[in-house]
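Everything below belongs to input33.txt, which stores compact mmCIF, C-alpha atoms and all ligand atoms.
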```
# COMPACT_ATOMS: atom_id res chain seq x y z
CA MET A 1 -32.83 -138.11 -16.88
CA GLY A 2 -32.57 -135.47 -14.15
CA ILE A 3 -29.29 -134.09 -12.91
CA LEU A 4 -29.16 -136.42 -9.89
CA GLY A 5 -29.56 -139.44 -12.17
CA LYS A 6 -26.59 -138.29 -14.26
CA MET A 7 -24.52 -137.57 -11.15
CA LYS A 8 -25.21 -141.06 -9.79
CA LYS A 9 -23.89 -142.49 -13.08
CA ALA A 10 -20.78 -140.28 -12.76
CA GLU A 11 -21.64 -138.50 -16.01
CA PRO A 12 -20.27 -134.96 -16.43
CA VAL A 13 -22.94 -132.31 -15.95
CA PHE A 14 -23.44 -128.56 -15.95
CA TRP A 15 -25.87 -127.20 -13.38
CA GLN A 16 -27.08 -123.65 -13.53
CA ASN A 17 -28.07 -122.19 -10.18
CA ASP A 18 -31.51 -120.65 -10.63
CA ALA A 19 -31.60 -119.55 -6.97
CA LYS A 20 -28.75 -117.06 -7.49
CA LYS A 21 -29.63 -113.52 -6.40
CA SER A 22 -28.42 -110.15 -7.53
CA TRP A 23 -25.78 -108.62 -5.25
CA ALA A 24 -28.18 -105.88 -4.11
CA GLU A 25 -30.55 -108.54 -2.75
CA ILE A 26 -27.91 -110.34 -0.66
CA LYS A 27 -28.12 -110.02 3.09
CA ASP A 28 -27.47 -112.07 6.23
CA LEU A 29 -24.24 -113.72 5.11
CA PRO A 30 -22.21 -115.35 7.91
CA ILE A 31 -19.20 -113.12 7.13
CA SER A 32 -18.91 -109.43 6.33
CA ILE A 33 -16.62 -107.15 4.34
CA ASN A 34 -15.03 -106.09 7.67
CA GLU A 35 -13.48 -109.52 8.07
CA ILE A 36 -11.87 -109.25 4.64
CA ASP A 37 -10.56 -105.78 5.54
CA GLU A 38 -9.13 -107.18 8.76
CA ALA A 39 -7.49 -110.05 6.87
CA ALA A 40 -6.00 -107.71 4.27
CA GLN A 41 -4.59 -105.47 7.02
CA ARG A 42 -3.12 -108.39 8.96
CA LEU A 43 -1.44 -109.78 5.82
CA GLN A 44 -0.03 -106.31 5.21
CA ARG A 45 1.37 -106.19 8.77
CA PHE A 46 3.18 -109.48 8.14
CA ALA A 47 4.66 -108.31 4.81
CA SER A 48 7.90 -107.24 6.53
CA PHE A 49 8.17 -110.72 8.09
CA PHE A 50 7.83 -112.44 4.70
CA LEU A 51 10.34 -110.08 3.11
CA LYS A 52 12.80 -111.20 5.77
CA VAL A 53 12.18 -114.98 5.78
CA ARG A 54 10.94 -115.61 2.20
CA PRO A 55 12.79 -113.31 -0.24
CA GLU A 56 10.75 -114.77 -3.12
CA THR A 57 7.85 -112.57 -1.91
CA GLU A 58 9.84 -109.43 -2.78
CA SER A 59 8.19 -108.88 -6.17
CA LYS A 60 4.84 -108.62 -4.33
CA ASN A 61 6.26 -106.47 -1.49
CA GLY A 62 5.96 -109.29 1.03
CA LEU A 63 2.40 -110.28 0.15
CA ILE A 64 1.42 -113.86 -0.69
CA GLU A 65 0.05 -113.02 -4.13
CA SER A 66 0.00 -114.44 -7.65
CA ASP A 67 0.09 -112.98 -11.16
CA LEU A 68 -2.75 -112.74 -13.63
CA PHE A 69 -1.50 -114.16 -16.92
CA HIS A 70 -3.00 -113.44 -20.35
CA ALA A 71 -3.32 -116.87 -22.02
CA LYS A 72 -2.99 -115.86 -25.65
CA ASN A 73 -2.37 -119.39 -26.93
CA LEU A 74 -5.45 -120.82 -25.22
CA GLU A 75 -7.35 -117.89 -26.68
CA LYS A 76 -6.40 -118.91 -30.22
CA GLN A 77 -7.92 -122.33 -29.58
CA TYR A 78 -10.97 -121.49 -27.46
CA ALA A 79 -11.96 -117.84 -27.68
CA ARG A 80 -14.46 -116.25 -30.03
CA THR A 81 -14.20 -112.62 -31.18
CA ASN A 82 -13.79 -110.22 -28.23
CA GLU A 83 -13.26 -113.01 -25.72
CA GLN A 84 -10.14 -112.96 -23.55
CA ILE A 85 -8.77 -115.74 -21.34
CA PHE A 86 -6.69 -115.09 -18.23
CA LEU A 87 -5.06 -117.50 -15.81
CA LYS A 88 -4.85 -116.63 -12.12
CA ARG A 89 -1.56 -118.27 -11.15
CA ASP A 90 -2.24 -119.43 -7.58
CA ASP A 91 -0.26 -122.53 -8.54
CA ARG A 92 2.78 -120.23 -8.18
CA LEU A 93 1.93 -118.81 -4.76
CA PRO A 94 4.97 -118.81 -2.46
CA ILE A 95 5.45 -121.41 0.31
CA ALA A 96 2.68 -123.85 -0.71
CA GLY A 97 2.25 -123.59 -4.50
CA SER A 98 -1.54 -123.59 -4.22
CA ILE A 99 -4.61 -121.52 -3.34
CA LYS A 100 -4.30 -123.03 0.14
CA ALA A 101 -1.42 -120.63 0.74
CA ARG A 102 -4.03 -117.85 0.97
CA GLY A 103 -6.39 -119.08 3.69
CA GLY A 104 -3.99 -121.49 5.37
CA ILE A 105 -1.15 -119.05 5.83
CA TYR A 106 -3.56 -116.34 6.92
CA GLU A 107 -5.07 -118.44 9.71
CA VAL A 108 -1.63 -119.45 11.03
CA LEU A 109 -0.55 -115.78 11.05
CA LYS A 110 -3.70 -114.76 12.89
CA PHE A 111 -3.08 -117.41 15.55
CA ALA A 112 0.60 -116.41 15.83
CA GLU A 113 -0.35 -112.77 16.34
CA GLN A 114 -2.91 -113.71 18.98
CA VAL A 115 -0.42 -115.87 20.92
CA ALA A 116 2.25 -113.16 20.67
CA MET A 117 -0.20 -110.52 21.95
CA GLU A 118 -1.38 -112.66 24.85
CA ASN A 119 2.25 -113.07 25.84
CA THR A 120 3.03 -109.34 25.33
CA MET A 121 5.81 -110.21 22.93
CA ILE A 122 5.15 -107.66 20.22
CA ASP A 123 7.33 -104.54 20.33
CA PRO A 124 5.03 -101.80 18.97
CA THR A 125 8.02 -99.68 17.90
CA LYS A 126 9.15 -102.34 15.41
CA ASP A 127 7.59 -103.94 12.32
CA TYR A 128 6.54 -107.60 12.11
CA ALA A 129 9.94 -108.76 10.87
CA GLN A 130 10.37 -109.25 14.65
CA PHE A 131 8.29 -112.46 14.29
CA ALA A 132 11.42 -114.03 12.80
CA ASN A 133 13.32 -113.54 16.09
CA LYS A 134 14.37 -116.45 18.29
CA GLN A 135 12.12 -115.48 21.23
CA PHE A 136 9.03 -115.83 19.03
CA LYS A 137 10.10 -119.28 17.85
CA GLU A 138 10.67 -120.34 21.44
CA LEU A 139 7.23 -119.11 22.42
CA PHE A 140 5.46 -120.75 19.47
CA SER A 141 7.18 -124.10 20.08
CA ASN A 142 4.88 -124.45 23.13
CA TYR A 143 1.81 -124.39 20.90
CA GLU A 144 0.56 -126.96 18.45
CA ILE A 145 -1.25 -126.42 15.18
CA ILE A 146 -3.31 -129.32 13.86
CA VAL A 147 -5.05 -129.76 10.50
CA GLY A 148 -6.70 -132.46 8.39
CA SER A 149 -6.09 -132.31 4.64
CA THR A 150 -6.03 -133.99 1.24
CA GLY A 151 -2.56 -132.51 0.77
CA ASN A 152 -2.35 -128.86 -0.17
CA LEU A 153 -3.90 -127.32 2.94
CA GLY A 154 -1.61 -129.53 5.00
CA LEU A 155 1.35 -128.32 2.95
CA SER A 156 0.48 -124.67 3.48
CA ILE A 157 -0.31 -124.96 7.21
CA GLY A 158 2.63 -127.28 7.84
CA MET A 159 5.18 -125.08 6.07
CA MET A 160 3.92 -121.81 7.54
CA SER A 161 3.70 -123.20 11.08
CA ALA A 162 7.20 -124.65 10.81
CA ILE A 163 8.61 -121.33 9.57
CA LEU A 164 7.15 -119.56 12.64
CA GLY A 165 8.35 -122.31 15.00
CA PHE A 166 5.05 -123.96 15.96
CA SER A 167 4.84 -127.63 16.65
CA VAL A 168 2.55 -128.86 13.84
CA THR A 169 0.69 -132.06 12.98
CA VAL A 170 -0.97 -132.71 9.63
CA HIS A 171 -3.54 -135.52 9.33
CA MET A 172 -3.42 -136.61 5.72
CA SER A 173 -6.22 -138.43 3.91
CA ASN A 174 -5.56 -141.48 1.75
CA ASP A 175 -5.47 -139.22 -1.36
CA ALA A 176 -2.46 -137.19 -0.23
CA LYS A 177 0.55 -137.50 -2.50
CA GLN A 178 3.76 -138.98 -1.11
CA TRP A 179 5.93 -136.03 -2.19
CA LYS A 180 3.75 -133.65 -0.15
CA LYS A 181 4.16 -135.80 2.96
CA ASP A 182 7.91 -136.09 2.33
CA GLN A 183 8.31 -132.34 1.96
CA LEU A 184 6.48 -131.73 5.23
CA ARG A 185 8.52 -134.31 7.14
CA GLU A 186 11.74 -132.82 5.78
CA ASN A 187 10.61 -129.53 7.33
CA GLY A 188 10.00 -131.01 10.77
CA VAL A 189 6.22 -131.41 10.44
CA THR A 190 4.53 -134.46 12.00
CA VAL A 191 2.47 -136.21 9.32
CA VAL A 192 -0.17 -138.76 10.36
CA GLU A 193 -1.40 -140.90 7.48
CA HIS A 194 -5.00 -142.16 7.40
CA ALA A 195 -6.54 -144.97 5.42
CA GLY A 196 -9.81 -143.04 5.22
CA ASP A 197 -10.79 -140.05 3.11
CA TYR A 198 -10.63 -136.31 3.84
CA SER A 199 -13.61 -136.22 6.27
CA LYS A 200 -11.96 -138.92 8.41
CA ALA A 201 -8.61 -137.09 8.51
CA VAL A 202 -10.36 -133.86 9.55
CA GLU A 203 -12.34 -135.67 12.25
CA ARG A 204 -9.14 -137.16 13.74
CA GLY A 205 -7.39 -133.79 13.74
CA ARG A 206 -10.35 -132.13 15.43
CA GLN A 207 -10.45 -134.81 18.11
CA GLU A 208 -6.71 -134.60 18.77
CA ALA A 209 -6.85 -130.82 19.11
CA SER A 210 -9.71 -131.03 21.61
CA GLU A 211 -7.40 -132.98 23.93
CA ASN A 212 -4.63 -130.33 24.04
CA LYS A 213 -5.34 -126.89 25.50
CA ASN A 214 -2.40 -125.33 23.64
CA ALA A 215 -3.54 -126.69 20.30
CA HIS A 216 -5.22 -124.73 17.54
CA PHE A 217 -7.24 -126.78 15.07
CA ILE A 218 -7.52 -125.37 11.57
CA ASP A 219 -10.98 -126.45 10.59
CA ASP A 220 -11.31 -126.60 6.81
CA GLU A 221 -15.01 -127.47 7.13
CA ASN A 222 -15.95 -124.50 9.32
CA SER A 223 -13.25 -121.85 9.53
CA MET A 224 -14.18 -118.22 8.85
CA ASP A 225 -10.51 -117.25 9.13
CA LEU A 226 -9.51 -119.51 6.26
CA PHE A 227 -12.44 -118.10 4.31
CA ALA A 228 -11.41 -114.49 4.94
CA GLY A 229 -7.84 -115.27 3.86
CA TYR A 230 -9.08 -116.62 0.51
CA ALA A 231 -11.43 -113.69 0.04
CA VAL A 232 -8.59 -111.13 0.07
CA ALA A 233 -7.52 -112.41 -3.37
CA ALA A 234 -10.36 -110.53 -5.03
CA ARG A 235 -9.09 -107.11 -3.92
CA ARG A 236 -5.86 -107.58 -5.75
CA LEU A 237 -7.51 -108.90 -8.89
CA GLU A 238 -9.21 -105.58 -9.51
CA ASP A 239 -5.85 -103.86 -10.02
CA GLN A 240 -4.49 -106.72 -12.10
CA LEU A 241 -7.45 -106.52 -14.50
CA SER A 242 -7.08 -102.78 -14.84
CA GLN A 243 -3.42 -103.24 -15.76
CA TYR A 244 -4.61 -105.27 -18.77
CA GLY A 245 -7.16 -102.55 -19.55
CA VAL A 246 -10.05 -104.99 -19.01
CA GLN A 247 -13.48 -103.34 -18.94
CA TYR A 248 -16.43 -105.01 -17.26
CA SER A 249 -19.95 -104.13 -16.19
CA GLU A 250 -23.16 -105.84 -15.12
CA GLN A 251 -24.03 -106.12 -18.82
CA LYS A 252 -20.55 -107.49 -19.62
CA PRO A 253 -19.59 -109.51 -16.54
CA ILE A 254 -16.35 -111.41 -16.01
CA SER A 255 -16.63 -115.23 -15.79
CA VAL A 256 -14.46 -116.92 -13.14
CA TYR A 257 -13.88 -120.68 -12.94
CA LEU A 258 -12.80 -122.24 -9.63
CA PRO A 259 -12.13 -125.90 -8.70
CA CYS A 260 -14.04 -126.94 -5.58
CA GLY A 261 -13.22 -129.48 -2.87
CA VAL A 262 -14.75 -128.77 0.55
CA GLY A 263 -15.63 -125.31 -0.74
CA GLY A 264 -13.74 -122.91 1.56
CA GLY A 265 -11.10 -121.85 -0.98
CA PRO A 266 -13.35 -121.20 -3.96
CA GLY A 267 -16.21 -120.00 -1.73
CA GLY A 268 -13.95 -117.42 -0.09
CA VAL A 269 -12.75 -116.18 -3.47
CA VAL A 270 -16.35 -115.92 -4.73
CA PHE A 271 -17.41 -113.94 -1.66
CA GLY A 272 -14.42 -111.64 -2.08
CA LEU A 273 -15.14 -111.19 -5.80
CA LYS A 274 -18.78 -110.31 -5.13
CA THR A 275 -17.79 -107.61 -2.62
CA ILE A 276 -15.66 -105.98 -5.32
CA PHE A 277 -17.40 -106.72 -8.62
CA GLY A 278 -21.01 -107.37 -7.50
CA ASP A 279 -23.10 -108.43 -10.49
CA ALA A 280 -20.20 -107.71 -12.83
CA VAL A 281 -18.81 -111.18 -12.05
CA LYS A 282 -20.22 -114.65 -12.69
CA CYS A 283 -18.67 -117.51 -10.73
CA TYR A 284 -18.58 -121.22 -11.49
CA PHE A 285 -17.23 -124.18 -9.52
CA ILE A 286 -15.84 -127.38 -10.98
CA GLU A 287 -15.86 -130.77 -9.22
CA PRO A 288 -14.85 -134.31 -10.23
CA VAL A 289 -17.71 -136.61 -11.30
CA GLN A 290 -16.91 -138.96 -8.39
CA SER A 291 -16.68 -136.14 -5.78
CA PRO A 292 -19.39 -133.57 -6.55
CA CYS A 293 -20.07 -132.84 -2.87
CA MET A 294 -20.94 -129.15 -3.28
CA LEU A 295 -23.23 -129.80 -6.22
CA LEU A 296 -24.98 -132.64 -4.40
CA GLY A 297 -25.48 -130.50 -1.30
CA MET A 298 -26.83 -127.57 -3.31
CA VAL A 299 -29.09 -129.58 -5.62
CA THR A 300 -30.65 -131.55 -2.75
CA GLY A 301 -30.60 -128.64 -0.26
CA LYS A 302 -28.94 -131.01 2.23
CA HIS A 303 -25.50 -129.36 2.03
CA HIS A 304 -23.15 -130.99 4.59
CA GLN A 305 -25.84 -133.47 5.60
CA ILE A 306 -25.29 -135.62 2.54
CA SER A 307 -22.18 -137.28 1.14
CA VAL A 308 -21.35 -138.44 -2.39
CA GLN A 309 -20.97 -141.99 -1.05
CA GLU A 310 -24.70 -141.92 -0.22
CA ILE A 311 -25.54 -141.69 -3.92
CA GLY A 312 -23.17 -144.53 -4.78
CA LEU A 313 -20.11 -142.51 -5.83
CA THR A 314 -16.59 -143.49 -4.77
CA ASN A 315 -14.98 -140.09 -4.03
CA LEU A 316 -11.97 -141.44 -5.92
CA THR A 317 -10.35 -139.07 -8.41
CA ILE A 318 -6.91 -138.08 -9.65
CA ALA A 319 -7.78 -134.52 -8.55
CA ASP A 320 -6.58 -135.16 -4.99
CA GLY A 321 -7.38 -131.61 -3.77
CA LEU A 322 -11.01 -132.07 -4.82
CA ALA A 323 -11.48 -135.58 -3.36
CA VAL A 324 -14.02 -134.47 -0.76
CA GLY A 325 -17.25 -136.37 -0.13
CA THR A 326 -19.06 -133.90 2.18
CA PRO A 327 -18.97 -130.13 1.70
CA SER A 328 -18.19 -127.37 4.21
CA LYS A 329 -20.84 -126.69 6.83
CA PHE A 330 -21.54 -123.12 5.68
CA VAL A 331 -20.21 -122.55 2.15
CA GLY A 332 -22.96 -124.35 0.21
CA GLU A 333 -25.77 -122.36 1.79
CA MET A 334 -23.89 -119.17 1.13
CA MET A 335 -23.24 -120.15 -2.49
CA MET A 336 -26.99 -120.69 -3.10
CA SER A 337 -27.37 -116.95 -3.56
CA LEU A 338 -23.92 -116.14 -5.02
CA LEU A 339 -22.83 -118.90 -7.40
CA ASP A 340 -23.85 -119.11 -11.08
CA GLY A 341 -23.30 -122.81 -11.62
CA ILE A 342 -21.24 -125.97 -11.21
CA PHE A 343 -19.56 -128.23 -13.76
CA THR A 344 -18.40 -131.78 -13.13
CA VAL A 345 -15.52 -133.39 -15.02
CA THR A 346 -14.12 -136.89 -15.49
CA ASP A 347 -10.54 -137.91 -14.73
CA ASP A 348 -9.98 -138.45 -18.47
CA GLN A 349 -10.99 -134.84 -19.13
CA LEU A 350 -8.59 -133.70 -16.40
CA ILE A 351 -5.70 -135.44 -18.12
CA GLN A 352 -6.63 -133.87 -21.47
CA PHE A 353 -6.88 -130.46 -19.80
CA MET A 354 -3.47 -130.84 -18.13
CA ASP A 355 -2.02 -131.68 -21.52
CA CYS A 356 -3.76 -128.68 -23.06
CA PHE A 357 -2.33 -126.24 -20.49
CA HIS A 358 1.10 -127.73 -21.06
CA SER A 359 1.06 -127.79 -24.83
CA ASN A 360 -0.47 -124.31 -25.23
CA GLU A 361 1.03 -122.35 -22.37
CA ALA A 362 3.91 -124.57 -21.12
CA ILE A 363 2.25 -124.73 -17.70
CA MET A 364 2.47 -127.85 -15.52
CA ILE A 365 -0.40 -127.87 -13.05
CA GLU A 366 -2.05 -130.53 -10.96
CA PRO A 367 -5.34 -132.15 -12.05
CA SER A 368 -7.46 -130.12 -9.60
CA ALA A 369 -6.34 -126.87 -11.19
CA ALA A 370 -6.66 -128.21 -14.74
CA ALA A 371 -10.39 -128.73 -14.05
CA THR A 372 -10.90 -125.00 -14.80
CA LEU A 373 -10.45 -125.61 -18.52
CA ILE A 374 -14.00 -126.97 -18.68
CA GLY A 375 -15.22 -123.36 -18.52
CA ILE A 376 -13.76 -122.52 -21.92
CA ASP A 377 -14.09 -126.02 -23.37
CA HIS A 378 -17.83 -126.06 -22.64
CA GLY A 379 -18.01 -122.49 -23.90
CA GLU A 380 -21.62 -121.50 -23.15
CA THR A 381 -20.88 -119.63 -19.94
CA MET A 382 -17.96 -117.68 -21.40
CA SER A 383 -17.93 -113.90 -21.19
CA ASN A 384 -15.68 -111.32 -22.84
CA THR A 385 -13.31 -111.76 -19.89
CA ASN A 386 -12.71 -115.27 -18.54
CA ILE A 387 -10.50 -116.16 -15.61
CA LEU A 388 -9.39 -119.73 -14.96
CA TRP A 389 -8.24 -119.86 -11.34
CA LEU A 390 -5.26 -122.22 -11.42
CA THR A 391 -5.35 -123.41 -7.83
CA GLY A 392 -2.29 -125.63 -7.55
CA GLY A 393 0.59 -127.55 -8.98
CA GLY A 394 3.55 -125.20 -8.78
CA LEU A 395 5.51 -127.51 -6.49
CA VAL A 396 4.67 -130.82 -8.20
CA PRO A 397 7.97 -132.48 -9.17
CA GLN A 398 8.24 -132.99 -12.95
CA ASN A 399 8.47 -136.80 -12.71
CA GLU A 400 5.27 -136.82 -10.59
CA TRP A 401 3.51 -134.68 -13.18
CA GLU A 402 4.60 -137.04 -15.97
CA GLN A 403 3.15 -140.03 -14.06
CA TYR A 404 -0.39 -138.72 -14.66
CA PHE A 405 0.01 -139.46 -18.37
CA LYS A 406 1.13 -143.05 -17.78
CA ARG A 407 -2.04 -144.26 -16.06
C1 LIG A 501 -5.21 -127.57 -6.04
C2 LIG A 501 -6.50 -127.38 -5.31
N1 LIG A 501 -7.51 -126.76 -5.93
C3 LIG A 501 -8.69 -126.57 -5.32
C4 LIG A 501 -8.91 -127.00 -4.03
C5 LIG A 501 -10.27 -126.80 -3.44
O1 LIG A 501 -10.29 -126.02 -2.28
P1 LIG A 501 -11.40 -126.32 -1.21
O2 LIG A 501 -11.14 -127.68 -0.67
O3 LIG A 501 -11.22 -125.26 -0.18
O4 LIG A 501 -12.70 -126.26 -1.92
C6 LIG A 501 -7.89 -127.67 -3.35
C7 LIG A 501 -8.07 -128.16 -1.99
O5 LIG A 501 -7.18 -128.70 -1.37
C8 LIG A 501 -6.65 -127.86 -4.00
O6 LIG A 501 -5.64 -128.49 -3.40
```
Show this structure as structure tokens.
Ligand SMILES: Cc1ncc(COP(=O)(O)O)c(C=O)c1O
Amino acid sequence: MGILGKMKKAEPVFWQNDAKKSWAEIKDLPISINEIDEAAQRLQRFASFFLKVRPETESKNGLIESDLFHAKNLEKQYARTNEQIFLKRDDRLPIAGSIKARGGIYEVLKFAEQVAMENTMIDPTKDYAQFANKQFKELFSNYEIIVGSTGNLGLSIGMMSAILGFSVTVHMSNDAKQWKKDQLRENGVTVVEHAGDYSKAVERGRQEASENKNAHFIDDENSMDLFAGYAVAARRLEDQLSQYGVQYSEQKPISVYLPCGVGGGPGGVVFGLKTIFGDAVKCYFIEPVQSPCMLLGMVTGKHHQISVQEIGLTNLTIADGLAVGTPSKFVGEMMMSLLDGIFTVTDDQLIQFMDCFHSNEAIMIEPSAAATLIGIDHGETMSNTNILWLTGGGLVPQNEWEQYFKR
């Protein structure tokens, strides 16, 4: 049976991307290194603001950044001689507890800076801690930020917008967890709940924003700003690897495993990684068997013009962040030349993986992030250096986390 046949039956698969090119052959991408530079510089400008309003960013000098953790216990269970396993702890990112803190916060900051500039509010003699001043909040309260989300993007955009003083509305899909909606409402964010899935929530947000001239819609399916914000992560990884003395080369590449929903988060990280490591990195996505939208788009070449529902899948999964039926409008095409492969996983595997992270490394993450374990469980794509990109779960209340094991 071909791969599509297995996907239709919701069987787990591994697809190797034979269309991948070497980094030297890549041209005509819709985004350039300049946009990552610009994003890195803007985040640096806002470091003084974060140091003022979110003291927990102090250990990273005001940057929204996570640690790279050497998973020695997982290594005992999964690694062969010379293989190392690292965890990129985006589940611990400040403000949102997920990878969505990278792109989401970045796009809100970019919009805030633009509004402040248009209104000549920025005092060039002072640093960006001034964004915490009352006058900025008053200005931003005249603008609305709107987003559609399965949960984590909404959490990051909602929290960041509220901190700056924007009026903010999050359209949540039916997958979004109650505690995420509660947290947003407690912080003054308007949450609109939809009976439909992620694509429907995004569509409603887009429509609402088009009716308000002071509204900025954060478009998870199309946004280059989100993408650039995610891509910055790669720059900082280089230093983190060197602190562990990790050596890599084109002959001994690093393997990186990233959970994929609409594709912006993992796609941005892959693009960023390629600009730094080139052919010395191999990148893999992981999707749920019922929501393999990126894989379906790439295998058929139809990208965002096909949905998982069209091949009889439900798009229902416990990995709420990955419950996306139609991929981003540009990421899949870009990944055709950059990505090494895609795994799909069942909900039962996700539960086992969550348990494995907990029992080996005492880490409680959400199912989407636990999907990364397939990379080392499957084994064949492992390199000497393996990075599981833990994309979320840091804010999940313990009783919520325990519920996953009582299904
Ligand atoms: C925990 C987690 N991991 C991974 C992803 C996937 O990111 P994207 O939808 O940008 O592919 C999401 C998306 O919300 C998420 O919440």
> Between A:Gln130, A:Gln352, A:Ser98, A:Ser167, which one has atoms that come closest to Lys52 of chain A, using only C-alpha atoms?
Replying inline: A:Gln130
Give as a compact mmCIF listing (two decimals) with C-alpha atoms, in the coordinates of the input the residues surrounding ligand LIG 501 (chain A) up to a distance of 9 Å, considering only C-alpha atoms and all ligand atoms.
```
# COMPACT_ATOMS: atom_id res chain seq x y z
CA ASP A 90 -2.24 -119.43 -7.58
CA ASP A 91 -0.26 -122.53 -8.54
CA GLY A 97 2.25 -123.59 -4.50
CA SER A 98 -1.54 -123.59 -4.22
CA ILE A 99 -4.61 -121.52 -3.34
CA LYS A 100 -4.30 -123.03 0.14
CA GLY A 103 -6.39 -119.08 3.69
CA SER A 149 -6.09 -132.31 4.64
CA THR A 150 -6.03 -133.99 1.24
CA GLY A 151 -2.56 -132.51 0.77
CA ASN A 152 -2.35 -128.86 -0.17
CA LEU A 153 -3.90 -127.32 2.94
CA GLY A 154 -1.61 -129.53 5.00
CA ASP A 220 -11.31 -126.60 6.81
CA GLU A 221 -15.01 -127.47 7.13
CA LEU A 226 -9.51 -119.51 6.26
CA PHE A 227 -12.44 -118.10 4.31
CA TYR A 230 -9.08 -116.62 0.51
CA LEU A 258 -12.80 -122.24 -9.63
CA PRO A 259 -12.13 -125.90 -8.70
CA CYS A 260 -14.04 -126.94 -5.58
CA GLY A 261 -13.22 -129.48 -2.87
CA VAL A 262 -14.75 -128.77 0.55
CA GLY A 263 -15.63 -125.31 -0.74
CA GLY A 264 -13.74 -122.91 1.56
CA GLY A 265 -11.10 -121.85 -0.98
CA PRO A 266 -13.35 -121.20 -3.96
CA GLY A 267 -16.21 -120.00 -1.73
CA GLY A 268 -13.95 -117.42 -0.09
CA GLU A 287 -15.86 -130.77 -9.22
CA MET A 294 -20.94 -129.15 -3.28
CA ALA A 319 -7.78 -134.52 -8.55
CA ASP A 320 -6.58 -135.16 -4.99
CA GLY A 321 -7.38 -131.61 -3.77
CA LEU A 322 -11.01 -132.07 -4.82
CA ALA A 323 -11.48 -135.58 -3.36
CA VAL A 324 -14.02 -134.47 -0.76
CA PRO A 327 -18.97 -130.13 1.70
CA SER A 328 -18.19 -127.37 4.21
CA ILE A 365 -0.40 -127.87 -13.05
CA GLU A 366 -2.05 -130.53 -10.96
CA PRO A 367 -5.34 -132.15 -12.05
CA SER A 368 -7.46 -130.12 -9.60
CA ALA A 369 -6.34 -126.87 -11.19
CA ALA A 370 -6.66 -128.21 -14.74
CA ALA A 371 -10.39 -128.73 -14.05
CA TRP A 389 -8.24 -119.86 -11.34
CA LEU A 390 -5.26 -122.22 -11.42
CA THR A 391 -5.35 -123.41 -7.83
CA GLY A 392 -2.29 -125.63 -7.55
CA GLY A 393 0.59 -127.55 -8.98
```
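What separates atom CA of Thr317 of chain A from atom CA of Pro288 of chain A is a distance of 6.8 Å.
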> For Leu87 of chain A, which residue out of A:Asp182, A:Gly312, A:Ser199, A:Leu388 is the nearest one, using only C-alpha atoms?
Replying inline: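 Selected residue with least distance to Leu87 of chain A: A:Leu388.
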>> Restricting the calculation to all atoms listed in the file: of A:Glu83, A:Asp127, A:Glu118, A:Asp355, which residue gets closest to Phe50 of chain A?
In response: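 With all atoms listed in the file as the atom set, the closest residue is A:Asp127.
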> Got a sec: who's within 9 Å of Ile105 of chain A, counting all atoms listed in the file, leaving out chain neighbours fewer than 3 positions off, as a ChimeraX atom specification?
Replying inline: /A:64,95-96,100-102,108-110,156-157,159-161,226,229
Next, dump the selected residues to file, keeping only C-alpha atoms, as a compact mmCIF listing (two decimals), in the frame of the given file.
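Contents of again.txt, freshly written:
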```txt
# COMPACT_ATOMS: atom_id res chain seq x y z
CA ILE A 64 1.42 -113.86 -0.69
CA ILE A 95 5.45 -121.41 0.31
CA ALA A 96 2.68 -123.85 -0.71
CA LYS A 100 -4.30 -123.03 0.14
CA ALA A 101 -1.42 -120.63 0.74
CA ARG A 102 -4.03 -117.85 0.97
CA VAL A 108 -1.63 -119.45 11.03
CA LEU A 109 -0.55 -115.78 11.05
CA LYS A 110 -3.70 -114.76 12.89
CA SER A 156 0.48 -124.67 3.48
CA ILE A 157 -0.31 -124.96 7.21
CA MET A 159 5.18 -125.08 6.07
CA MET A 160 3.92 -121.81 7.54
CA SER A 161 3.70 -123.20 11.08
CA LEU A 226 -9.51 -119.51 6.26
CA GLY A 229 -7.84 -115.27 3.86
```
>> When you look at Ile26 of chain A with a cut-off of 9 Å (counting only C-alpha atoms), what residues show up, excluding the ones that are within fewer than 5 positions of it in the same chain? I need them as a PyMOL selection string.
In response: chain A and resi 21+337-338
>> What's the separation between atom CA of Leu51 of chain A and atom CA of Phe136 of chain A, in Å to one decimal place?
In response: 17.0 Å
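Atom CA of Gln178 of chain A sits 26.4 Å away from atom CA of Ser359 of chain A.
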>> Could you list, as a list of chain:residue names, every residue within 10 Å of segment 242-249 of chain A, counting all atoms listed in the file and ignoring same-chain residues fewer than 6 positions away?
In response: A:Leu68, A:Phe69, A:His70, A:Gln84, A:Phe277, A:Gly278, A:Asp279, A:Ala280, A:Val281, A:Ser383, A:Asn384, A:Thr385
> Which is closer to Ile276 of chain A than all the others in A:Val168, A:Ala234, A:Met336, A:Val345, using only C-alpha atoms?
Replying inline: A:Ala234
>> Quick one: residues within 12 Å of Gln207 of chain A, only C-alpha atoms, excluding same-chain residues fewer than 3 positions away - as a list in words?
In response: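 So the residues in contact are Ile146, Val147, Gly148, His171, Lys200, Ala201, Val202, Glu203, Arg204, Ser210, Glu211, Asn212, Lys213, Ala215, His216, Phe217, Ile218 and Asp219 of chain A.
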